[in-house]
Amino acid sequence: MCDHPRHQHPVLCPHCDLLVALPPLTPGQKGCCPRCRNTLQSYWPDPKRQPVGFAISALVMQGLANLFPFVNMEVSGLRRQITLPQIPLVMVSDHFSSLAGVFLLCVQAIPALCMILIIVLCMNVPLPFRLKAFLAKLLFSLRSWGMAEIFLVGVLVSFVKLMAYGQIGIGNSFISFCFFCLLQLRALRCVDPRWLWNVIMPFTSPVKRFQPGQGGLAQGLRACSCCTLILPADTVACPRCHTREGARRGNSLQWTLALLLTSIMLYIPANLRPIMITDGLGNRLNSTIMAGVILLWEDGSIPVALVIFIASIMVPSLKMIALGWLCWDAAGSRERKAADSERMHLLYEVVEFVGRWSMIDVFVIAVLSGLVRMGRLMSISPGIGVLLFAAVVILTMIAAKTFDPRLLWDRAVQNTLKESTVDGK
C-alpha cells in the first residue's frame with residue numbers, strides 16, 4: 001500500500017501546463033496551481049477508508065431510495081405515488097426510451113458504478129493491473145456524468161409546479177435519496193487521482209530534470225491525462241497506464257467546433273417543439289421551454305421561473321457562445337498576455353461547471369410525467385423537445401471536454417519567451 005506522498009514533487013497542471021513543485025501537504029490541505037488556481041492535489045486524512053466509507057453509505061442509501069415511495073400527489077380525491085424505478089418505466093410507455101436511458105444512466109447507474117469503483121480501487125482489491133487501470137480510467141471519466149444532485153434539484157422545482165394542481169408529499173425514499181446525493185458527492189471529492197494511481201501502481205517518472213515555474217511543453221514535457229505521470233513530450237504511450245496521446249489533444253478545436261455546431265442545430269428545434277404535453281379534462285396543451293417559464297411567471301412562481309429560464313435558456317445559449325469564443329481565442333494569431341489567458345481560462349472553468357446543470361428541466365419533465373397520471377382528469381407526458389434539449393446539453397458537455405484549455409496558455413508562454421529573448425539580447 002502506497003501512502004499519500006509527503007515529499008516535494010513536481011506536477012504538471014492539466015489546465016495551463018505549468019510545472020509546479022508541490023510542497024509537503026498536511027491533512028486537509030490541497031495544492032493549487034499558482035497560475036490558473038486549478039487544484040493539483042488534495043491530501044485527505046485517511047485517504048483509503050474515508051472515500052470507501054462514504055461510498056458504501058451512499059450505496060446503502062441508494063438501495064433504500066429505490067425500495068419505497070418517492071413522492072406522492074393528491075388531486076380532487078385521486079391519489080398517486082411513484083417510486084424511482086417507475087419514472088423511467090413511464091417514459092418507456094410514452095415511447096421515450098432514450099430519455100429513460102439518460103435518466104437511468106445519469107441518476108442511477110453512473111453514480112452507483114462510481115461508488116463501486118471507489119470501493120474496489122481504494123481497497124486495493126487484487127485484480128490484474130490492466131483491469132485496475134481500466135477501472136481507474138472509467139472512474140475519472142464518468143464522475144462528471146453522474147447527475148443525482150441535479151435530479152434532486154429538478155424534483156424540488158417540480159414540486160412548485162405541482163402545488164398549483166394538488167397536494168404534494170414526500171415518501172421515505174426521498175430522504176434516503178437526499179443522503180445518497182450528499183454521500184456520493186463526498187466520496188468522489190475524497191478521491192485524489194494522484195494518490196489513487198500510486199496505490200494502483202507506484203511509478204517513477206522517466207524524466208529526471210524539471211524546471212518548476214515554466215511550461216511543460218517549453219521543457220519538452222507532458223503529463224499523462226489519465227494517471228498524471230510526467231513524460232517526455234514525444235512519448236506517445238504512457239508506461240504506467242498505457243494511455244496513448246500527444247502533448248495536446250488531437251484536433252481539439254475541430255472536435256469542439258463540430259459538436260458545438262451540432263448542438264446549435266438541435267437547440268433551435270428544441271426551443272420550438274413542445275417539451276411537455278398536458279392533457280386535462282379534454283384539453284390538450286403543448287408547452288415549449290419559454291412557454292413554461294412565462295406560465296410560471298404569470299402564476300407567481302417567479303423564483304422557479306428564473307431558475308428554469310437561467311438553466312434552460314441562458315446557460316445553454318451563453319455556453320455555446322462561450323465555447324465558440326474559446327475556440328476562436330485559442331486558434332487566433334494575435335499576441336496575448338498572461339492576463340488574457342487567465343480571463344479565458346476562468347471562462348472555460350465556468351463553462352465546464354455549469355453545463356450539466358441545464359439538465360434540470362429534463363428531470364423536471366421526468367418527475368412530472370411520472371407522477372401526474374390522473375386518467376382523464378389530468379395527465380402530463382414528455383414532448384419531443386425535451387429529447388432534443390437533452391441532446392443539446394450532452395453535446396455541449398462533450399464539446400467542453402474535448403476542448404484543451406492548455407491551448408489558451410500556449411501563445412502567452414511563447415510571447416513571454418520571445419520578450420525574454422529580446423530583453424536578453
# chains A, B, ... in the order shown; residues from 1 in each chain; ligands from 1
call {"tool": "residues_around", "arguments": {"residues": "segment 244-247 of chain A", "least_positions_apart": "6", "cutoff": "12 Å", "atoms": "only C-alpha atoms", "output": "list in words"}}
result
Leu12, Pro14, Asp17, Gly215, Gly216, Leu217, Ala218, Gln219, Gly220, Leu221, Arg222, Ala223, Cys224, Ser225, Cys226, Cys227, Ile230, Leu231, Pro232, Ala233, Asp234, Thr235, Val236, Ala237, Cys238, Asp404, Arg406, Leu407 and Asp410 of chain A
call {"tool": "residues_around", "arguments": {"residues": "segment 19-28 of chain A", "least_positions_apart": "3", "cutoff": "8 Å", "atoms": "only C-alpha atoms", "output": "list in words"}}
result
Pro5, Arg6, His7, Gln8, His9, Pro10, Val11, Leu12, Cys13, Gly31, Cys33, Ser42, Tyr43, Trp44, Pro45, Phe210, Gln211, Pro212, Gly213, Gln214, Gly215 and Gly216 of chain A
call {"tool": "write_last_selection", "arguments": {"atoms": "N, CA and C atoms", "output": "short mmCIF file (atom, residue, chain, number, x, y, z; two decimals), in the first residue's frame"}}
result
data_model
loop_
_atom_site.label_atom_id
_atom_site.label_comp_id
_atom_site.auth_asym_id
_atom_site.auth_seq_id
_atom_site.Cartn_x
_atom_site.Cartn_y
_atom_site.Cartn_z
N PRO A 5 1.89 10.93 -0.92
CA PRO A 5 3.25 11.48 -0.93
C PRO A 5 3.42 12.60 0.07
N ARG A 6 4.57 12.58 0.77
CA ARG A 6 4.82 13.58 1.80
C ARG A 6 6.03 14.46 1.47
N HIS A 7 6.66 14.22 0.30
CA HIS A 7 7.84 14.99 -0.05
C HIS A 7 7.49 15.90 -1.23
N GLN A 8 8.32 16.90 -1.42
CA GLN A 8 8.11 17.83 -2.51
C GLN A 8 8.27 17.10 -3.84
N HIS A 9 7.34 17.32 -4.75
CA HIS A 9 7.40 16.63 -6.03
C HIS A 9 6.79 17.50 -7.12
N PRO A 10 7.25 17.33 -8.36
CA PRO A 10 6.74 18.17 -9.47
C PRO A 10 5.43 17.64 -10.02
N VAL A 11 4.56 18.57 -10.41
CA VAL A 11 3.26 18.24 -11.00
C VAL A 11 3.03 19.18 -12.18
N LEU A 12 2.58 18.63 -13.29
CA LEU A 12 2.22 19.45 -14.45
C LEU A 12 0.72 19.75 -14.39
N CYS A 13 0.38 21.03 -14.39
CA CYS A 13 -1.04 21.40 -14.34
C CYS A 13 -1.73 20.97 -15.62
N GLY A 31 -3.07 21.32 -2.90
CA GLY A 31 -2.11 22.08 -3.67
C GLY A 31 -2.75 22.61 -4.94
N CYS A 33 -2.51 25.22 -8.52
CA CYS A 33 -1.62 25.83 -9.49
C CYS A 33 -1.57 27.34 -9.23
N SER A 42 -4.93 16.87 -3.52
CA SER A 42 -5.58 17.04 -2.22
C SER A 42 -5.05 15.99 -1.26
N TYR A 43 -4.85 16.40 -0.02
CA TYR A 43 -4.36 15.48 0.99
C TYR A 43 -5.47 15.27 2.02
N TRP A 44 -6.20 14.18 1.85
CA TRP A 44 -7.30 13.87 2.75
C TRP A 44 -6.82 12.99 3.89
N PRO A 45 -7.27 13.27 5.10
CA PRO A 45 -6.96 12.36 6.21
C PRO A 45 -7.52 10.97 5.92
N PHE A 210 13.70 18.79 -14.14
CA PHE A 210 12.49 19.61 -14.16
C PHE A 210 12.86 21.07 -13.92
N GLN A 211 12.06 21.94 -14.44
CA GLN A 211 12.26 23.37 -14.23
C GLN A 211 10.94 23.94 -13.70
N PRO A 212 10.71 23.93 -12.39
CA PRO A 212 9.45 24.45 -11.84
C PRO A 212 9.24 25.92 -12.20
N GLY A 213 7.99 26.28 -12.42
CA GLY A 213 7.66 27.66 -12.75
C GLY A 213 7.63 27.93 -14.24
N GLN A 214 7.92 26.93 -15.07
CA GLN A 214 7.86 27.08 -16.52
C GLN A 214 6.86 26.08 -17.10
N GLY A 215 6.45 26.33 -18.34
CA GLY A 215 5.52 25.44 -19.01
C GLY A 215 6.15 24.10 -19.33
N GLY A 216 5.35 23.06 -19.31
CA GLY A 216 5.86 21.73 -19.59
C GLY A 216 6.30 21.57 -21.04
#
call {"tool": "select_by_dssp", "arguments": {"residues": "segment 88-316 of chain A", "states": "alpha helix (DSSP H)", "output": "VMD selection string"}}
result
chain A and resid 88 to 93 97 to 103 110 to 122 129 to 142 148 to 162 172 to 189 193 to 200 252 to 272 289 to 298 302 to 309 315 to 316
call {"tool": "residues_around", "arguments": {"residues": "segment 103-115 of chain A", "least_positions_apart": "4", "cutoff": "8 Å", "atoms": "only C-alpha atoms", "output": "PDB file with all heavy atoms, in the first residue's frame"}}
result
ATOM      1  N   ALA A  55     -18.625   5.872   0.189  1.00  0.00           N
ATOM      2  CA  ALA A  55     -19.164   5.150  -0.971  1.00  0.00           C
ATOM      3  C   ALA A  55     -20.109   4.030  -0.535  1.00  0.00           C
ATOM      4  O   ALA A  55     -21.179   3.843  -1.127  1.00  0.00           O
ATOM      5  CB  ALA A  55     -18.013   4.583  -1.802  1.00  0.00           C
ATOM      6  N   ILE A  56     -19.724   3.270   0.498  1.00  0.00           N
ATOM      7  CA  ILE A  56     -20.605   2.196   0.990  1.00  0.00           C
ATOM      8  C   ILE A  56     -21.900   2.778   1.532  1.00  0.00           C
ATOM      9  O   ILE A  56     -23.000   2.266   1.253  1.00  0.00           O
ATOM     10  CB  ILE A  56     -19.880   1.371   2.069  1.00  0.00           C
ATOM     11  CG1 ILE A  56     -18.711   0.601   1.453  1.00  0.00           C
ATOM     12  CG2 ILE A  56     -20.849   0.408   2.747  1.00  0.00           C
ATOM     13  CD1 ILE A  56     -17.850  -0.137   2.464  1.00  0.00           C
ATOM     14  N   ALA A  58     -23.291   5.565   0.652  1.00  0.00           N
ATOM     15  CA  ALA A  58     -24.078   6.067  -0.480  1.00  0.00           C
ATOM     16  C   ALA A  58     -24.823   4.941  -1.173  1.00  0.00           C
ATOM     17  O   ALA A  58     -25.999   5.096  -1.548  1.00  0.00           O
ATOM     18  CB  ALA A  58     -23.161   6.783  -1.476  1.00  0.00           C
ATOM     19  N   LEU A  59     -24.179   3.791  -1.345  1.00  0.00           N
ATOM     20  CA  LEU A  59     -24.846   2.654  -1.990  1.00  0.00           C
ATOM     21  C   LEU A  59     -26.022   2.151  -1.149  1.00  0.00           C
ATOM     22  O   LEU A  59     -27.068   1.771  -1.688  1.00  0.00           O
ATOM     23  CB  LEU A  59     -23.843   1.531  -2.233  1.00  0.00           C
ATOM     24  CG  LEU A  59     -22.811   1.781  -3.336  1.00  0.00           C
ATOM     25  CD1 LEU A  59     -21.792   0.645  -3.375  1.00  0.00           C
ATOM     26  CD2 LEU A  59     -23.497   1.921  -4.696  1.00  0.00           C
ATOM     27  N   GLN A  62     -28.811   4.581  -1.643  1.00  0.00           N
ATOM     28  CA  GLN A  62     -29.413   4.439  -2.968  1.00  0.00           C
ATOM     29  C   GLN A  62     -30.336   3.223  -3.016  1.00  0.00           C
ATOM     30  O   GLN A  62     -31.407   3.267  -3.631  1.00  0.00           O
ATOM     31  CB  GLN A  62     -28.328   4.317  -4.036  1.00  0.00           C
ATOM     32  CG  GLN A  62     -28.899   4.328  -5.455  1.00  0.00           C
ATOM     33  CD  GLN A  62     -27.845   4.104  -6.515  1.00  0.00           C
ATOM     34  OE1 GLN A  62     -26.844   3.422  -6.270  1.00  0.00           O
ATOM     35  NE2 GLN A  62     -28.042   4.670  -7.692  1.00  0.00           N
ATOM     36  N   PRO A  88     -38.524   5.896 -15.124  1.00  0.00           N
ATOM     37  CA  PRO A  88     -38.143   5.507 -16.490  1.00  0.00           C
ATOM     38  C   PRO A  88     -39.159   4.596 -17.161  1.00  0.00           C
ATOM     39  O   PRO A  88     -39.298   4.619 -18.393  1.00  0.00           O
ATOM     40  CB  PRO A  88     -36.797   4.800 -16.297  1.00  0.00           C
ATOM     41  CG  PRO A  88     -36.778   4.384 -14.870  1.00  0.00           C
ATOM     42  CD  PRO A  88     -37.553   5.419 -14.131  1.00  0.00           C
ATOM     43  N   LEU A  99     -34.855   8.781 -23.498  1.00  0.00           N
ATOM     44  CA  LEU A  99     -34.885   9.667 -22.329  1.00  0.00           C
ATOM     45  C   LEU A  99     -34.841   8.852 -21.038  1.00  0.00           C
ATOM     46  O   LEU A  99     -34.189   9.242 -20.065  1.00  0.00           O
ATOM     47  CB  LEU A  99     -36.136  10.537 -22.372  1.00  0.00           C
ATOM     48  CG  LEU A  99     -36.169  11.750 -21.441  1.00  0.00           C
ATOM     49  CD1 LEU A  99     -35.038  12.708 -21.778  1.00  0.00           C
ATOM     50  CD2 LEU A  99     -37.507  12.468 -21.527  1.00  0.00           C
ATOM     51  N   ILE A 119     -14.731   1.845  -4.100  1.00  0.00           N
ATOM     52  CA  ILE A 119     -14.514   0.777  -3.109  1.00  0.00           C
ATOM     53  C   ILE A 119     -13.459  -0.204  -3.596  1.00  0.00           C
ATOM     54  O   ILE A 119     -12.524  -0.570  -2.869  1.00  0.00           O
ATOM     55  CB  ILE A 119     -15.847   0.059  -2.808  1.00  0.00           C
ATOM     56  CG1 ILE A 119     -16.843   1.026  -2.157  1.00  0.00           C
ATOM     57  CG2 ILE A 119     -15.612  -1.150  -1.911  1.00  0.00           C
ATOM     58  CD1 ILE A 119     -18.254   0.478  -2.045  1.00  0.00           C
ATOM     59  N   LEU A 139     -13.522   5.475 -13.815  1.00  0.00           N
ATOM     60  CA  LEU A 139     -13.982   6.286 -12.685  1.00  0.00           C
ATOM     61  C   LEU A 139     -13.823   7.778 -12.973  1.00  0.00           C
ATOM     62  O   LEU A 139     -14.773   8.555 -12.815  1.00  0.00           O
ATOM     63  CB  LEU A 139     -13.209   5.906 -11.424  1.00  0.00           C
ATOM     64  CG  LEU A 139     -13.413   6.815 -10.201  1.00  0.00           C
ATOM     65  CD1 LEU A 139     -14.857   6.787  -9.747  1.00  0.00           C
ATOM     66  CD2 LEU A 139     -12.482   6.403  -9.062  1.00  0.00           C
ATOM     67  N   LEU A 142     -16.177   9.055 -15.780  1.00  0.00           N
ATOM     68  CA  LEU A 142     -17.624   9.045 -15.557  1.00  0.00           C
ATOM     69  C   LEU A 142     -18.097   9.967 -14.440  1.00  0.00           C
ATOM     70  O   LEU A 142     -19.289  10.296 -14.384  1.00  0.00           O
ATOM     71  CB  LEU A 142     -18.096   7.617 -15.232  1.00  0.00           C
ATOM     72  CG  LEU A 142     -18.057   6.589 -16.356  1.00  0.00           C
ATOM     73  CD1 LEU A 142     -18.552   5.245 -15.846  1.00  0.00           C
ATOM     74  CD2 LEU A 142     -18.906   7.034 -17.540  1.00  0.00           C
ATOM     75  N   ARG A 143     -17.202  10.379 -13.562  1.00  0.00           N
ATOM     76  CA  ARG A 143     -17.670  11.062 -12.350  1.00  0.00           C
ATOM     77  C   ARG A 143     -18.397  12.373 -12.650  1.00  0.00           C
ATOM     78  O   ARG A 143     -19.267  12.780 -11.880  1.00  0.00           O
ATOM     79  CB  ARG A 143     -16.513  11.313 -11.388  1.00  0.00           C
ATOM     80  CG  ARG A 143     -15.380  12.152 -11.918  1.00  0.00           C
ATOM     81  CD  ARG A 143     -14.298  12.315 -10.865  1.00  0.00           C
ATOM     82  NE  ARG A 143     -13.166  13.089 -11.345  1.00  0.00           N
ATOM     83  CZ  ARG A 143     -12.111  13.395 -10.591  1.00  0.00           C
ATOM     84  NH1 ARG A 143     -12.074  12.987  -9.331  1.00  0.00           N
ATOM     85  NH2 ARG A 143     -11.121  14.094 -11.087  1.00  0.00           N
ATOM     86  N   TRP A 145     -20.414  12.764 -15.102  1.00  0.00           N
ATOM     87  CA  TRP A 145     -21.681  12.432 -15.755  1.00  0.00           C
ATOM     88  C   TRP A 145     -22.742  11.953 -14.775  1.00  0.00           C
ATOM     89  O   TRP A 145     -23.881  11.707 -15.171  1.00  0.00           O
ATOM     90  CB  TRP A 145     -21.450  11.390 -16.850  1.00  0.00           C
ATOM     91  CG  TRP A 145     -20.681  11.935 -18.003  1.00  0.00           C
ATOM     92  CD1 TRP A 145     -19.327  11.878 -18.182  1.00  0.00           C
ATOM     93  CD2 TRP A 145     -21.202  12.656 -19.113  1.00  0.00           C
ATOM     94  NE1 TRP A 145     -18.978  12.504 -19.348  1.00  0.00           N
ATOM     95  CE2 TRP A 145     -20.109  12.994 -19.948  1.00  0.00           C
ATOM     96  CE3 TRP A 145     -22.491  13.043 -19.498  1.00  0.00           C
ATOM     97  CZ2 TRP A 145     -20.260  13.699 -21.132  1.00  0.00           C
ATOM     98  CZ3 TRP A 145     -22.647  13.746 -20.679  1.00  0.00           C
ATOM     99  CH2 TRP A 145     -21.544  14.067 -21.480  1.00  0.00           C
ATOM    100  N   GLY A 146     -22.379  11.783 -13.528  1.00  0.00           N
ATOM    101  CA  GLY A 146     -23.385  11.467 -12.519  1.00  0.00           C
ATOM    102  C   GLY A 146     -24.176  12.716 -12.149  1.00  0.00           C
ATOM    103  O   GLY A 146     -23.590  13.734 -11.794  1.00  0.00           O
ATOM    104  N   MET A 147     -25.496  12.647 -12.230  1.00  0.00           N
ATOM    105  CA  MET A 147     -26.323  13.840 -12.062  1.00  0.00           C
ATOM    106  C   MET A 147     -27.428  13.643 -11.023  1.00  0.00           C
ATOM    107  O   MET A 147     -28.520  14.195 -11.144  1.00  0.00           O
ATOM    108  CB  MET A 147     -26.955  14.236 -13.392  1.00  0.00           C
ATOM    109  CG  MET A 147     -25.957  14.519 -14.492  1.00  0.00           C
ATOM    110  SD  MET A 147     -26.748  15.068 -16.030  1.00  0.00           S
ATOM    111  CE  MET A 147     -25.340  15.113 -17.133  1.00  0.00           C
ATOM    112  N   ALA A 148     -27.130  12.864  -9.989  1.00  0.00           N
ATOM    113  CA  ALA A 148     -28.147  12.614  -8.969  1.00  0.00           C
ATOM    114  C   ALA A 148     -28.555  13.905  -8.271  1.00  0.00           C
ATOM    115  O   ALA A 148     -29.732  14.144  -8.015  1.00  0.00           O
ATOM    116  CB  ALA A 148     -27.630  11.602  -7.950  1.00  0.00           C
ATOM    117  N   PHE A 151     -30.806  15.959 -10.476  1.00  0.00           N
ATOM    118  CA  PHE A 151     -32.164  15.409 -10.452  1.00  0.00           C
ATOM    119  C   PHE A 151     -32.899  15.832  -9.194  1.00  0.00           C
ATOM    120  O   PHE A 151     -34.095  16.159  -9.240  1.00  0.00           O
ATOM    121  CB  PHE A 151     -32.103  13.886 -10.543  1.00  0.00           C
ATOM    122  CG  PHE A 151     -33.427  13.201 -10.313  1.00  0.00           C
ATOM    123  CD1 PHE A 151     -34.421  13.260 -11.274  1.00  0.00           C
ATOM    124  CD2 PHE A 151     -33.678  12.534  -9.126  1.00  0.00           C
ATOM    125  CE1 PHE A 151     -35.651  12.646 -11.059  1.00  0.00           C
ATOM    126  CE2 PHE A 151     -34.891  11.917  -8.905  1.00  0.00           C
ATOM    127  CZ  PHE A 151     -35.891  11.971  -9.875  1.00  0.00           C
ATOM    128  N   GLN A 184     -22.497  10.497  -2.049  1.00  0.00           N
ATOM    129  CA  GLN A 184     -21.739  10.177  -3.255  1.00  0.00           C
ATOM    130  C   GLN A 184     -20.886  11.362  -3.714  1.00  0.00           C
ATOM    131  O   GLN A 184     -19.778  11.184  -4.219  1.00  0.00           O
ATOM    132  CB  GLN A 184     -22.681   9.696  -4.373  1.00  0.00           C
ATOM    133  CG  GLN A 184     -23.736  10.681  -4.812  1.00  0.00           C
ATOM    134  CD  GLN A 184     -23.353  11.433  -6.077  1.00  0.00           C
ATOM    135  OE1 GLN A 184     -22.488  11.004  -6.827  1.00  0.00           O
ATOM    136  NE2 GLN A 184     -24.017  12.547  -6.325  1.00  0.00           N
ATOM    137  N   ALA A 187     -17.865  11.219  -1.397  1.00  0.00           N
ATOM    138  CA  ALA A 187     -16.966  10.117  -1.749  1.00  0.00           C
ATOM    139  C   ALA A 187     -16.108  10.476  -2.957  1.00  0.00           C
ATOM    140  O   ALA A 187     -14.894  10.226  -2.967  1.00  0.00           O
ATOM    141  CB  ALA A 187     -17.779   8.854  -2.032  1.00  0.00           C
ATOM    142  N   LEU A 188     -16.703  11.074  -3.975  1.00  0.00           N
ATOM    143  CA  LEU A 188     -15.951  11.473  -5.166  1.00  0.00           C
ATOM    144  C   LEU A 188     -14.920  12.541  -4.842  1.00  0.00           C
ATOM    145  O   LEU A 188     -13.811  12.542  -5.379  1.00  0.00           O
ATOM    146  CB  LEU A 188     -16.914  11.974  -6.247  1.00  0.00           C
ATOM    147  CG  LEU A 188     -17.792  10.923  -6.918  1.00  0.00           C
ATOM    148  CD1 LEU A 188     -18.852  11.583  -7.780  1.00  0.00           C
ATOM    149  CD2 LEU A 188     -16.941   9.969  -7.758  1.00  0.00           C
ATOM    150  N   PHE A 363     -35.104  16.727 -16.078  1.00  0.00           N
ATOM    151  CA  PHE A 363     -35.519  15.934 -14.924  1.00  0.00           C
ATOM    152  C   PHE A 363     -36.852  16.415 -14.352  1.00  0.00           C
ATOM    153  O   PHE A 363     -37.612  15.626 -13.784  1.00  0.00           O
ATOM    154  CB  PHE A 363     -34.423  15.975 -13.860  1.00  0.00           C
ATOM    155  CG  PHE A 363     -33.163  15.277 -14.262  1.00  0.00           C
ATOM    156  CD1 PHE A 363     -31.915  15.817 -13.962  1.00  0.00           C
ATOM    157  CD2 PHE A 363     -33.205  14.082 -14.954  1.00  0.00           C
ATOM    158  CE1 PHE A 363     -30.749  15.177 -14.334  1.00  0.00           C
ATOM    159  CE2 PHE A 363     -32.036  13.425 -15.339  1.00  0.00           C
ATOM    160  CZ  PHE A 363     -30.808  13.977 -15.029  1.00  0.00           C
TER     161      PHE A 363
END
call {"tool": "select_by_dssp", "arguments": {"residues": "segment 57-88 of chain A", "states": "strand (DSSP E or B)", "output": "VMD selection string"}}
result
chain A and resid 71 to 75 78 to 82
call {"tool": "write_last_selection", "arguments": {"atoms": "N, CA, C and O atoms", "output": "CSV table (one decimal), in the first residue's frame"}}
result
chain,number,residue,atom,x,y,z
A,71,VAL,N,-42.3,10.1,-4.1
A,71,VAL,CA,-43.2,11.3,-3.9
A,71,VAL,C,-44.6,10.9,-4.2
A,71,VAL,O,-44.9,9.9,-4.9
A,72,ASN,N,-45.6,11.6,-3.7
A,72,ASN,CA,-47.0,11.3,-4.0
A,72,ASN,C,-47.7,12.6,-4.2
A,72,ASN,O,-47.3,13.7,-3.9
A,73,MET,N,-48.9,12.5,-4.9
A,73,MET,CA,-49.7,13.7,-5.2
A,73,MET,C,-51.2,13.3,-5.1
A,73,MET,O,-51.6,12.2,-5.4
A,74,GLU,N,-52.0,14.3,-4.6
A,74,GLU,CA,-53.4,14.1,-4.5
A,74,GLU,C,-54.2,15.2,-5.2
A,74,GLU,O,-53.9,16.4,-4.8
A,75,VAL,N,-55.1,14.9,-6.1
A,75,VAL,CA,-55.8,15.9,-6.8
A,75,VAL,C,-57.3,15.4,-6.8
A,75,VAL,O,-57.6,14.4,-7.3
A,78,LEU,N,-58.2,12.0,-5.9
A,78,LEU,CA,-57.4,10.9,-6.6
A,78,LEU,C,-55.9,11.0,-6.1
A,78,LEU,O,-55.3,12.1,-6.1
A,79,ARG,N,-55.4,9.9,-5.7
A,79,ARG,CA,-54.0,9.9,-5.1
A,79,ARG,C,-53.1,9.0,-6.0
A,79,ARG,O,-53.5,7.9,-6.4
A,80,ARG,N,-51.9,9.5,-6.2
A,80,ARG,CA,-50.9,8.7,-7.0
A,80,ARG,C,-49.5,8.9,-6.3
A,80,ARG,O,-49.2,10.0,-5.9
A,81,GLN,N,-48.8,7.8,-6.2
A,81,GLN,CA,-47.4,7.8,-5.7
A,81,GLN,C,-46.5,7.0,-6.7
A,81,GLN,O,-47.0,6.1,-7.3
A,82,ILE,N,-45.3,7.4,-6.7
A,82,ILE,CA,-44.3,6.8,-7.6
A,82,ILE,C,-43.1,6.4,-6.8
A,82,ILE,O,-42.7,7.1,-5.8
